[in-house]
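S.K.: My structure is in run_3.cif, and what it holds is mmCIF, C-alpha atoms:
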```
data_model
loop_
_atom_site.group_PDB
_atom_site.id
_atom_site.type_symbol
_atom_site.label_atom_id
_atom_site.label_comp_id
_atom_site.auth_asym_id
_atom_site.auth_seq_id
_atom_site.Cartn_x
_atom_site.Cartn_y
_atom_site.Cartn_z
ATOM 1 C CA MET V 1 0.000 0.000 0.000
ATOM 2 C CA ARG V 2 1.339 3.401 -0.949
ATOM 3 C CA SER V 3 1.848 5.973 1.802
ATOM 4 C CA SER V 4 0.430 9.427 1.528
ATOM 5 C CA THR V 5 3.551 10.991 0.006
ATOM 6 C CA GLU V 6 4.993 8.198 -2.105
ATOM 7 C CA LEU V 7 6.670 9.826 -4.986
ATOM 8 C CA SER V 8 7.736 7.925 -8.081
ATOM 9 C CA PHE V 9 7.394 8.513 -11.791
ATOM 10 C CA GLN V 10 5.739 6.116 -14.144
ATOM 11 C CA ARG V 11 4.559 6.022 -17.767
ATOM 12 C CA GLU V 12 1.479 7.819 -19.193
ATOM 13 C CA PRO V 13 2.416 11.322 -18.107
ATOM 14 C CA HIS V 14 0.159 14.115 -16.941
ATOM 15 C CA ILE V 15 1.877 17.481 -17.210
ATOM 16 C CA ALA V 16 1.819 19.959 -14.331
ATOM 17 C CA VAL V 17 3.266 23.459 -14.434
ATOM 18 C CA MET V 18 3.898 26.214 -11.939
ATOM 19 C CA LYS V 19 5.235 29.739 -11.989
ATOM 20 C CA LEU V 20 8.129 30.115 -9.580
ATOM 21 C CA ARG V 21 7.464 32.448 -6.660
ATOM 22 C CA SER V 22 10.086 33.515 -4.145
ATOM 23 C CA ARG V 23 9.993 31.276 -1.088
ATOM 24 C CA VAL V 24 12.714 30.402 1.436
ATOM 25 C CA PRO V 25 12.809 26.661 2.191
ATOM 26 C CA ASP V 26 12.496 25.627 5.833
ATOM 27 C CA THR V 27 15.155 22.958 6.334
ATOM 28 C CA ASP V 28 14.455 22.135 10.000
ATOM 29 C CA GLY V 29 17.845 20.537 10.456
ATOM 30 C CA LEU V 30 17.632 18.558 7.222
ATOM 31 C CA LEU V 31 20.501 19.217 4.803
ATOM 32 C CA ILE V 32 19.546 19.661 1.166
ATOM 33 C CA ARG V 33 22.710 19.537 -0.938
ATOM 34 C CA ASP V 34 23.966 18.782 -4.417
ATOM 35 C CA ALA V 35 24.607 15.084 -4.934
ATOM 36 C CA VAL V 36 28.159 13.898 -5.593
ATOM 37 C CA ARG V 37 29.233 10.799 -7.498
ATOM 38 C CA SER V 38 29.924 8.883 -4.291
ATOM 39 C CA ASP V 39 26.209 9.204 -3.487
ATOM 40 C CA SER V 40 25.338 7.118 -6.559
ATOM 41 C CA PRO V 41 25.165 3.681 -4.850
ATOM 42 C CA ILE V 42 22.947 5.138 -2.116
ATOM 43 C CA LEU V 43 20.630 6.679 -4.698
ATOM 44 C CA VAL V 44 20.489 3.388 -6.630
ATOM 45 C CA ALA V 45 19.504 1.633 -3.389
ATOM 46 C CA LEU V 46 16.915 4.278 -2.438
ATOM 47 C CA ASP V 47 15.455 4.202 -5.946
ATOM 48 C CA GLN V 48 15.247 0.404 -5.737
ATOM 49 C CA GLU V 49 13.625 0.592 -2.278
ATOM 50 C CA VAL V 50 10.801 2.710 -3.680
ATOM 51 C CA THR V 51 10.383 1.451 -7.251
ATOM 52 C CA GLY V 52 11.721 -2.083 -6.990
ATOM 53 C CA LEU V 53 13.943 -1.333 -9.983
ATOM 54 C CA VAL V 54 17.755 -1.334 -10.064
ATOM 55 C CA LYS V 55 18.827 1.538 -12.305
ATOM 56 C CA ARG V 56 22.635 1.678 -12.057
ATOM 57 C CA LYS V 57 23.054 2.799 -15.668
ATOM 58 C CA TYR V 58 20.422 5.525 -15.257
ATOM 59 C CA TRP V 59 22.211 6.991 -12.235
ATOM 60 C CA ARG V 60 25.646 6.654 -13.854
ATOM 61 C CA GLU V 61 24.411 8.569 -16.882
ATOM 62 C CA SER V 62 22.595 11.102 -14.679
ATOM 63 C CA PHE V 63 25.811 12.002 -12.895
ATOM 64 C CA ALA V 64 27.708 12.074 -16.200
ATOM 65 C CA ARG V 65 25.162 14.560 -17.565
ATOM 66 C CA LEU V 66 25.674 16.903 -14.618
ATOM 67 C CA GLY V 67 28.639 18.231 -16.512
ATOM 68 C CA SER V 68 30.677 21.278 -15.647
ATOM 69 C CA ARG V 69 28.599 24.001 -17.268
ATOM 70 C CA ARG V 70 28.415 27.247 -15.353
ATOM 71 C CA PRO V 71 25.802 28.139 -14.483
ATOM 72 C CA PRO V 72 24.652 24.528 -14.094
ATOM 73 C CA ARG V 73 21.578 23.354 -16.009
ATOM 74 C CA ARG V 74 21.075 19.883 -14.502
ATOM 75 C CA PHE V 75 20.669 19.209 -10.798
ATOM 76 C CA ILE V 76 20.594 16.201 -8.537
ATOM 77 C CA LEU V 77 19.814 17.214 -4.967
ATOM 78 C CA VAL V 78 19.691 14.945 -1.935
ATOM 79 C CA ALA V 79 18.069 15.311 1.471
ATOM 80 C CA GLU V 80 20.543 14.258 4.120
ATOM 81 C CA ASN V 81 19.600 13.699 7.744
ATOM 82 C CA GLN V 82 22.390 12.875 10.199
ATOM 83 C CA GLY V 83 24.520 11.448 7.430
ATOM 84 C CA HIS V 84 21.714 9.374 5.846
ATOM 85 C CA ILE V 85 20.292 10.239 2.453
ATOM 86 C CA ASP V 86 16.525 10.039 2.769
ATOM 87 C CA GLY V 87 15.427 11.527 -0.530
ATOM 88 C CA PHE V 88 16.456 12.984 -3.845
ATOM 89 C CA ILE V 89 15.196 15.151 -6.657
ATOM 90 C CA VAL V 90 16.445 15.355 -10.243
ATOM 91 C CA GLY V 91 15.776 18.328 -12.450
ATOM 92 C CA GLU V 92 17.046 20.146 -15.495
ATOM 93 C CA ILE V 93 16.646 23.407 -17.343
ATOM 94 C CA ARG V 94 15.501 22.678 -20.904
ATOM 95 C CA ALA V 95 15.182 25.292 -23.611
ATOM 96 C CA TRP V 96 12.941 25.412 -26.677
ATOM 97 C CA GLU V 97 11.770 21.835 -26.477
ATOM 98 C CA PHE V 98 8.188 21.456 -27.585
ATOM 99 C CA GLY V 99 8.438 25.086 -28.700
ATOM 100 C CA GLU V 100 8.674 26.453 -25.182
ATOM 101 C CA PRO V 101 11.143 29.034 -23.771
ATOM 102 C CA PRO V 102 13.637 27.780 -21.162
ATOM 103 C CA CYS V 103 11.981 26.272 -18.117
ATOM 104 C CA GLY V 104 12.873 23.957 -15.268
ATOM 105 C CA TRP V 105 11.770 20.334 -15.351
ATOM 106 C CA VAL V 106 11.440 17.951 -12.436
ATOM 107 C CA PHE V 107 12.294 14.475 -13.699
ATOM 108 C CA ALA V 108 12.227 12.459 -10.508
ATOM 109 C CA ILE V 109 11.624 12.894 -6.795
ATOM 110 C CA GLN V 110 11.611 10.223 -4.127
ATOM 111 C CA VAL V 111 11.621 10.031 -0.340
ATOM 112 C CA ARG V 112 12.377 6.950 1.733
ATOM 113 C CA PRO V 113 9.000 5.501 2.805
ATOM 114 C CA LYS V 114 9.878 5.358 6.520
ATOM 115 C CA VAL V 115 10.570 9.106 6.775
ATOM 116 C CA ARG V 116 7.676 10.501 4.784
ATOM 117 C CA LEU V 117 5.198 13.073 6.048
ATOM 118 C CA GLN V 118 8.075 15.194 7.369
ATOM 119 C CA ASN V 119 8.175 17.824 4.638
ATOM 120 C CA ILE V 120 11.260 16.322 2.993
ATOM 121 C CA ALA V 121 9.774 16.223 -0.499
ATOM 122 C CA THR V 122 8.612 19.823 -0.133
ATOM 123 C CA GLN V 123 12.091 20.936 0.908
ATOM 124 C CA LEU V 124 13.681 19.069 -2.015
ATOM 125 C CA PHE V 125 11.210 20.626 -4.435
ATOM 126 C CA GLU V 126 11.728 24.115 -3.000
ATOM 127 C CA ALA V 127 15.505 23.732 -3.186
ATOM 128 C CA LEU V 128 15.336 22.694 -6.841
ATOM 129 C CA CYS V 129 13.016 25.593 -7.629
ATOM 130 C CA ASP V 130 15.554 27.888 -5.952
ATOM 131 C CA ARG V 131 18.266 26.536 -8.257
ATOM 132 C CA PHE V 132 16.008 27.252 -11.231
ATOM 133 C CA ARG V 133 15.277 30.797 -10.007
ATOM 134 C CA ARG V 134 19.002 31.531 -9.597
ATOM 135 C CA ALA V 135 19.452 30.535 -13.231
ATOM 136 C CA GLY V 136 16.787 33.054 -14.250
ATOM 137 C CA ILE V 137 14.046 30.486 -14.812
ATOM 138 C CA THR V 138 10.492 31.508 -13.994
ATOM 139 C CA LYS V 139 8.547 28.331 -14.662
ATOM 140 C CA VAL V 140 8.805 24.723 -13.523
ATOM 141 C CA ARG V 141 7.123 21.725 -15.162
ATOM 142 C CA THR V 142 6.902 18.025 -14.537
ATOM 143 C CA LEU V 143 5.301 14.893 -15.977
ATOM 144 C CA MET V 144 3.781 11.961 -14.155
ATOM 145 C CA ALA V 145 1.488 9.035 -14.695
ATOM 146 C CA ARG V 146 -2.139 10.043 -14.781
ATOM 147 C CA ASP V 147 -3.049 7.303 -12.310
ATOM 148 C CA ASN V 148 -0.299 8.272 -9.857
ATOM 149 C CA HIS V 149 -2.715 10.238 -7.718
ATOM 150 C CA LEU V 150 -0.354 10.598 -4.774
ATOM 151 C CA VAL V 151 2.421 12.185 -6.828
ATOM 152 C CA LEU V 152 -0.095 14.346 -8.641
ATOM 153 C CA SER V 153 -1.497 15.401 -5.274
ATOM 154 C CA PHE V 154 1.976 16.302 -4.025
ATOM 155 C CA PHE V 155 2.790 18.588 -6.933
ATOM 156 C CA ARG V 156 -0.655 20.140 -6.799
ATOM 157 C CA SER V 157 -0.149 20.851 -3.090
ATOM 158 C CA GLN V 158 2.995 22.747 -4.069
ATOM 159 C CA GLY V 159 0.884 24.974 -6.308
ATOM 160 C CA MET V 160 1.275 23.258 -9.666
ATOM 161 C CA MET V 161 -1.599 23.114 -12.097
ATOM 162 C CA ALA V 162 -2.149 21.355 -15.407
ATOM 163 C CA GLY V 163 0.020 22.842 -18.136
ATOM 164 C CA PRO V 164 -0.740 23.653 -21.772
ATOM 165 C CA PHE V 165 0.543 20.380 -23.185
ATOM 166 C CA ILE V 166 -0.996 17.044 -23.987
ATOM 167 C CA GLU V 167 1.269 14.046 -23.968
ATOM 168 C CA LEU V 168 0.608 11.688 -26.870
ATOM 169 C CA GLU V 169 2.046 8.254 -27.441
ATOM 170 C CA MET V 170 1.901 5.364 -29.875
ATOM 171 C CA ALA V 171 3.202 1.829 -29.941
ATOM 172 C CA LEU V 172 5.844 1.165 -32.588
ATOM 173 C CA ASP V 173 4.996 -2.131 -34.210
ATOM 174 C CA MET C 29 -17.310 20.991 -18.041
ATOM 175 C CA LYS C 30 -20.169 21.716 -15.699
ATOM 176 C CA LEU C 31 -20.896 20.208 -12.317
ATOM 177 C CA GLN C 32 -24.388 19.473 -11.100
ATOM 178 C CA LYS C 33 -25.684 21.910 -8.491
ATOM 179 C CA ALA C 34 -25.518 19.323 -5.722
ATOM 180 C CA SER C 35 -21.819 18.711 -6.402
ATOM 181 C CA SER C 36 -21.021 22.427 -6.401
ATOM 182 C CA PHE C 37 -23.001 23.000 -3.207
ATOM 183 C CA ALA C 38 -21.209 20.088 -1.569
ATOM 184 C CA LEU C 39 -17.795 21.481 -2.530
ATOM 185 C CA TYR C 40 -18.676 24.959 -1.241
ATOM 186 C CA ALA C 41 -19.871 23.475 2.043
ATOM 187 C CA VAL C 42 -16.819 21.282 2.518
ATOM 188 C CA LEU C 43 -14.433 24.132 1.688
ATOM 189 C CA GLU C 44 -16.172 26.388 4.219
ATOM 190 C CA LEU C 45 -16.066 23.751 6.926
ATOM 191 C CA ALA C 46 -12.416 22.995 6.186
ATOM 192 C CA ALA C 47 -11.536 26.690 6.299
ATOM 193 C CA TYR C 48 -13.099 26.990 9.778
ATOM 194 C CA PRO C 49 -12.241 23.743 11.568
ATOM 195 C CA ASP C 50 -12.673 25.183 15.065
ATOM 196 C CA GLN C 51 -16.260 26.355 14.760
ATOM 197 C CA PRO C 52 -19.353 24.549 13.508
ATOM 198 C CA LEU C 53 -21.180 26.272 10.665
ATOM 199 C CA SER C 54 -24.883 26.052 9.979
ATOM 200 C CA GLY C 55 -26.315 25.205 6.606
ATOM 201 C CA THR C 56 -27.990 28.622 6.576
ATOM 202 C CA GLU C 57 -24.672 30.428 7.068
ATOM 203 C CA ILE C 58 -23.118 28.556 4.151
ATOM 204 C CA ALA C 59 -26.186 28.989 1.930
ATOM 205 C CA ASP C 60 -26.290 32.736 2.644
ATOM 206 C CA LYS C 61 -22.609 33.169 1.792
ATOM 207 C CA TYR C 62 -22.930 31.458 -1.576
ATOM 208 C CA GLY C 63 -26.438 32.658 -2.393
ATOM 209 C CA ILE C 64 -27.733 29.121 -2.756
ATOM 210 C CA SER C 65 -30.889 27.320 -1.667
ATOM 211 C CA ALA C 66 -30.697 26.436 2.020
ATOM 212 C CA HIS C 67 -33.219 23.655 1.424
ATOM 213 C CA HIS C 68 -31.130 22.094 -1.334
ATOM 214 C CA LEU C 69 -27.957 22.522 0.728
ATOM 215 C CA ALA C 70 -29.593 20.754 3.671
ATOM 216 C CA LYS C 71 -30.133 17.670 1.489
ATOM 217 C CA VAL C 72 -26.536 17.860 0.277
ATOM 218 C CA LEU C 73 -25.238 18.104 3.846
ATOM 219 C CA ARG C 74 -27.286 15.050 4.787
ATOM 220 C CA ASP C 75 -25.668 13.090 1.960
ATOM 221 C CA LEU C 76 -22.228 14.309 2.992
ATOM 222 C CA GLY C 77 -23.011 13.208 6.510
ATOM 223 C CA ARG C 78 -24.007 9.721 5.366
ATOM 224 C CA ALA C 79 -20.708 9.512 3.492
ATOM 225 C CA GLY C 80 -18.829 10.419 6.670
ATOM 226 C CA ILE C 81 -17.465 13.655 5.251
ATOM 227 C CA VAL C 82 -19.307 16.027 7.561
ATOM 228 C CA GLU C 83 -20.884 15.527 10.961
ATOM 229 C CA ALA C 84 -23.523 17.399 12.877
ATOM 230 C CA ALA C 85 -22.015 19.403 15.715
ATOM 231 C CA ARG C 86 -23.645 19.032 19.101
ATOM 232 C CA GLY C 87 -24.359 21.968 21.333
ATOM 233 C CA VAL C 88 -26.583 24.977 21.618
ATOM 234 C CA ASN C 89 -25.750 26.442 18.232
ATOM 235 C CA GLY C 90 -25.498 23.157 16.323
ATOM 236 C CA GLY C 91 -24.215 23.266 12.778
ATOM 237 C CA TYR C 92 -21.783 21.050 10.947
ATOM 238 C CA ARG C 93 -18.100 20.205 11.165
ATOM 239 C CA LEU C 94 -15.789 18.546 8.688
ATOM 240 C CA ALA C 95 -15.325 14.923 9.717
ATOM 241 C CA ALA C 96 -12.826 13.943 7.030
ATOM 242 C CA ASN C 97 -9.140 14.816 6.829
ATOM 243 C CA PRO C 98 -8.871 17.744 4.364
ATOM 244 C CA LYS C 99 -5.360 16.623 3.396
ATOM 245 C CA ARG C 100 -6.745 13.305 2.177
ATOM 246 C CA LEU C 101 -10.236 14.292 1.029
ATOM 247 C CA THR C 102 -10.236 14.910 -2.734
ATOM 248 C CA LEU C 103 -12.655 16.638 -5.076
ATOM 249 C CA PHE C 104 -13.393 13.181 -6.524
ATOM 250 C CA ASP C 105 -14.456 11.864 -3.091
ATOM 251 C CA ILE C 106 -17.096 14.585 -2.892
ATOM 252 C CA ILE C 107 -18.309 14.852 -6.478
ATOM 253 C CA GLN C 108 -18.770 11.112 -6.960
ATOM 254 C CA ILE C 109 -21.405 11.100 -4.197
ATOM 255 C CA PHE C 110 -23.668 13.267 -6.363
ATOM 256 C CA GLU C 111 -22.895 12.429 -9.977
ATOM 257 C CA PRO C 112 -20.977 9.941 -12.077
ATOM 258 C CA ILE C 113 -17.668 11.399 -13.187
ATOM 259 C CA ARG C 114 -17.264 8.978 -16.062
ATOM 260 C CA GLY C 115 -19.605 9.906 -18.902
ATOM 261 C CA ARG C 116 -22.147 7.623 -20.432
ATOM 262 C CA ASN C 117 -20.871 5.048 -22.868
ATOM 263 C CA VAL C 118 -21.425 5.748 -26.553
ATOM 264 C CA VAL C 119 -20.989 2.050 -27.112
ATOM 265 C CA SER C 120 -23.726 0.113 -25.391
ATOM 266 C CA HIS C 121 -22.770 -3.309 -26.727
ATOM 267 C CA LEU C 122 -19.144 -3.879 -27.647
ATOM 268 C CA ARG C 123 -19.908 -6.863 -29.881
ATOM 269 C CA THR C 124 -22.217 -4.860 -32.174
ATOM 270 C CA ALA C 125 -20.462 -1.474 -31.951
ATOM 271 C CA THR C 126 -19.464 0.204 -35.193
ATOM 272 C CA ASP C 127 -15.941 1.465 -35.811
ATOM 273 C CA ALA C 128 -17.183 5.041 -35.435
ATOM 274 C CA GLU C 129 -18.740 4.251 -32.058
ATOM 275 C CA ARG C 130 -15.573 2.580 -30.826
ATOM 276 C CA ALA C 131 -13.361 5.443 -32.035
ATOM 277 C CA LEU C 132 -15.611 8.051 -30.425
ATOM 278 C CA GLN C 133 -15.714 6.052 -27.190
ATOM 279 C CA ALA C 134 -11.913 6.026 -27.141
ATOM 280 C CA VAL C 135 -11.900 9.831 -27.339
ATOM 281 C CA LEU C 136 -14.508 10.159 -24.600
ATOM 282 C CA ASP C 137 -12.609 7.688 -22.425
ATOM 283 C CA GLU C 138 -9.476 9.810 -22.829
ATOM 284 C CA LEU C 139 -11.369 12.902 -21.632
ATOM 285 C CA ASP C 140 -12.829 10.983 -18.706
ATOM 286 C CA ASP C 141 -9.386 9.717 -17.704
ATOM 287 C CA HIS C 142 -8.046 13.288 -17.581
ATOM 288 C CA THR C 143 -11.064 14.459 -15.603
ATOM 289 C CA LEU C 144 -10.743 11.643 -13.092
ATOM 290 C CA ALA C 145 -7.004 12.234 -12.679
ATOM 291 C CA THR C 146 -7.629 15.931 -12.035
ATOM 292 C CA PHE C 147 -10.385 15.404 -9.479
ATOM 293 C CA ARG C 148 -8.515 12.623 -7.725
ATOM 294 C CA SER C 149 -5.348 14.686 -7.381
ATOM 295 C CA ILE C 150 -6.788 17.843 -5.800
ATOM 296 C CA THR C 151 -7.419 17.673 -2.069
ATOM 297 C CA ILE C 152 -9.535 20.093 -0.066
ATOM 298 C CA SER C 153 -6.339 21.241 1.645
ATOM 299 C CA THR C 154 -4.790 22.070 -1.748
ATOM 300 C CA MET C 155 -7.942 23.949 -2.774
ATOM 301 C CA LEU C 156 -7.694 26.080 0.388
ATOM 302 C CA LYS C 157 -4.020 26.820 -0.394
ATOM 303 C CA TRP C 158 -4.930 27.897 -3.924
ATOM 304 C CA MET C 159 -7.740 30.069 -2.580
ATOM 305 C CA ALA C 160 -5.348 31.736 -0.107
ATOM 306 C CA ARG C 161 -2.807 32.430 -2.872
ATOM 307 C CA GLY C 162 -5.387 33.443 -5.423
ATOM 308 C CA SER C 163 -3.731 30.973 -7.803
ATOM 309 C CA TRP C 164 -6.781 29.430 -9.440
ATOM 310 C CA THR C 165 -6.442 30.875 -12.922
ATOM 311 C CA SER C 166 -6.123 28.083 -15.444
ATOM 312 C CA THR C 167 -3.119 27.967 -17.732
ATOM 313 C CA ALA C 168 -5.347 28.684 -20.733
ATOM 314 C CA ALA C 169 -6.784 31.783 -19.061
ATOM 315 C CA ARG C 170 -3.322 33.080 -18.155
ATOM 316 C CA ARG C 171 -2.107 32.667 -21.734
ATOM 317 C CA ALA C 172 -5.194 34.412 -23.073
ATOM 318 C CA ALA C 173 -4.668 37.306 -20.662
ATOM 319 C CA ALA C 174 -1.000 37.584 -21.633
ATOM 320 C CA GLN C 175 -1.912 37.758 -25.314
ATOM 321 C CA ARG C 176 -4.426 40.594 -24.892
#
```
Kindly transcribe the structure held in the file into structure tokens.
M.R.:
Amino acid sequence: MRSSTELSFQREPHIAVMKLRSRVPDTDGLLIRDAVRSDSPILVALDQEVTGLVKRKYWRESFARLGSRRPPRRFILVAENQGHIDGFIVGEIRAWEFGEPPCGWVFAIQVRPKVRLQNIATQLFEALCDRFRRAGITKVRTLMARDNHLVLSFFRSQGMMAGPFIELEMALD
Amino acid sequence: MKLQKASSFALYAVLELAAYPDQPLSGTEIADKYGISAHHLAKVLRDLGRAGIVEAARGVNGGYRLAANPKRLTLFDIIQIFEPIRGRNVVSHLRTATDAERALQAVLDELDDHTLATFRSITISTMLKWMARGSWTSTAARRAAAQR
């Protein structure tokens, strides 16, 4: 059974969008920081704990894509509590895809099931939005499965509403 | 899309009760605020009570309180008490349906899926946050305003 703030991305996306307003995240002792490569095994394990999937290649490529651009355009942030990583968020600034000006995208967000309902996901989201704001971005978007009501509910509680896009798909036979 | 009156009245009532958790509100107070029929609202409140969403408050002044958790209670939970959210099927019998009927049903099913996902994902707590921020303008409306 899913808890009230389970956060994982699946297929069949539903697009949510939000304008970025200035807000200072309340960390409450939790450290939100940029992930480093040595965090990769922990993130693989946390991802597996939530989704049941082992995605070593995905995380290897995610760190490789962080790159050294300044200012940075891709972000992997972790929520660390007393040395333990309890959550992560992955996002990127994308420009002119689907005909849209540069905006921030949230690709993935997860929090360890045992420590949910403690505002960790909100703090991760706020921290990523802050990174986007510092890069001059004024809009954040995300995609999620239409039947993932809990994740949809989370992003809606952050102020996101349905965006102007429709995701279409087709099987390739 | 349009909601039936009962659904709208129910949402207004629940939002009012959620906004004032420490004091019971009477049906008349809510009806007066929204300019709606107190008689109709009374029926709606009875149905909400049967569903466990509101409860009658005891005491001299009476009234109603929200019984459900506003952080878990969704628009779907309320609306589905009063009307079906999935539309009627175009195709009544799959075996004899024409291609046109099946294709149209697929389109209608897609719309219903989006509607369900939207209603299921918005809690009463989120609605109150949006109301406090004034952030209820749809994306389409914002774009239209920007283009004017």
S.K.: Using only C-alpha atoms, find which residues of chain C lie within 6 Å of chain V and jot them down as number ranges by chain.
M.R.: C: 145, 149-150, 154
S.K.: Please save C-alpha atoms of the selected residues as a PDB file, in the coordinates of the input.
M.R.:
```pdb
ATOM      1  CA  ALA C 145      -7.004  12.234 -12.679  1.00  0.00           C
ATOM      2  CA  SER C 149      -5.348  14.686  -7.381  1.00  0.00           C
ATOM      3  CA  ILE C 150      -6.788  17.843  -5.800  1.00  0.00           C
ATOM      4  CA  THR C 154      -4.790  22.070  -1.748  1.00  0.00           C
TER       5      THR C 154
END
```
S.K.: Which residues are near Arg93 of chain C? Cut-off 9 Å, only C-alpha atoms, ignore same chain within fewer than 3 positions. Put them as a VMD selection string.
M.R.: chain C and resid 42 45 to 46 48 to 53 81 to 85
S.K.: Go ahead and dump the residues you just picked, C-alpha atoms, as a PDB file, in the frame of the given file.
M.R.:
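Below you can see selection04.pdb, which holds the result:
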```pdb
ATOM      1  CA  VAL C  42     -16.819  21.282   2.518  1.00  0.00           C
ATOM      2  CA  LEU C  45     -16.066  23.751   6.926  1.00  0.00           C
ATOM      3  CA  ALA C  46     -12.416  22.995   6.186  1.00  0.00           C
ATOM      4  CA  TYR C  48     -13.099  26.990   9.778  1.00  0.00           C
ATOM      5  CA  PRO C  49     -12.241  23.743  11.568  1.00  0.00           C
ATOM      6  CA  ASP C  50     -12.673  25.183  15.065  1.00  0.00           C
ATOM      7  CA  GLN C  51     -16.260  26.355  14.760  1.00  0.00           C
ATOM      8  CA  PRO C  52     -19.353  24.549  13.508  1.00  0.00           C
ATOM      9  CA  LEU C  53     -21.180  26.272  10.665  1.00  0.00           C
ATOM     10  CA  ILE C  81     -17.465  13.655   5.251  1.00  0.00           C
ATOM     11  CA  VAL C  82     -19.307  16.027   7.561  1.00  0.00           C
ATOM     12  CA  GLU C  83     -20.884  15.527  10.961  1.00  0.00           C
ATOM     13  CA  ALA C  84     -23.523  17.399  12.877  1.00  0.00           C
ATOM     14  CA  ALA C  85     -22.015  19.403  15.715  1.00  0.00           C
TER      15      ALA C  85
END
```
S.K.: With distances taken over all atoms listed in the file, which residue among C:Gly162, C:Ala95, C:Gly80, C:Ile107 lies nearest Phe37 of chain C?
M.R.: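 Looking at the shortest contact to Phe37 of chain C, the residue is C:Ile107.
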S.K.: Enumerate, as a ChimeraX atom specification, the residues matched when the PyMOL selection byres ((chain V and resi 47-60) around 9) is run on the file above.
M.R.: /V:6-9,37,40-46,61-65,110-113
S.K.: Considering all atoms listed in the file, can you say which of V:Gly91, V:Pro101, V:Gly67, V:Pro72 comes closest to Cys129 of chain V?
M.R.: V:Gly91
S.K.: With only C-alpha atoms as the counted atoms, please give the residues lying no more than 12 Å from Phe98 of chain V, apart from itself and same-chain residues fewer than 5 positions off, as an MDAnalysis selection string.
M.R.: chainID V and resid 103 164:167
S.K.: Compare V:Glu80, V:Asp39, V:Glu100, V:Asp173 by their minimum atom-to-atom distance to Ile120 of chain V, counting only C-alpha atoms, and give me the closest one.
M.R.: V:Glu80
S.K.: List every protein, DNA or RNA residue with an atom no more than 8 Å from (-4.4, 13.0, 1.3) in the file's coordinates, counting all atoms listed in the file, and format the result as a VMD selection string.
M.R.: (chain V and resid 4 150 153) or (chain C and resid 97 to 102 151)
S.K.: Would you mind telling me which residue in C:Ile58, C:Ile109, C:Leu103, C:Ala96 lies nearest to Ala34 of chain C when using all atoms listed in the file?
M.R.: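 When distances to Ala34 of chain C are compared using all atoms listed in the file, the smallest one comes from C:Ile109.
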S.K.: In Å to one decimal, how far is atom CA of Thr122 of chain V from atom CA of Gln82 of chain V?
M.R.: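 Here the two named atoms are 18.6 Å from each other.
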S.K.: So what do you get for atom CA of Met170 of chain V versus atom CA of Asp137 of chain C, distance-wise?
M.R.: 16.5 Å
S.K.: Quote the spacing between atom CA of Ala79 of chain C and atom CA of Leu43 of chain C in Å to one decimal place.
M.R.: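 A separation of 16.0 Å between them.
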S.K.: Expand the PyMOL selection byres ((chain C and resi 72) around 10) into the explicit residue set it covers here, and present it as a count of residues only.
M.R.: 23
S.K.: Do you know which residues are at most 12 Å from segment 30-33 of chain V counting only C-alpha atoms, after dropping those on the same chain fewer than 5 positions away, and could you put them as number ranges by chain?
M.R.: V: 25, 39, 75-90, 115, 118-128, 130-131
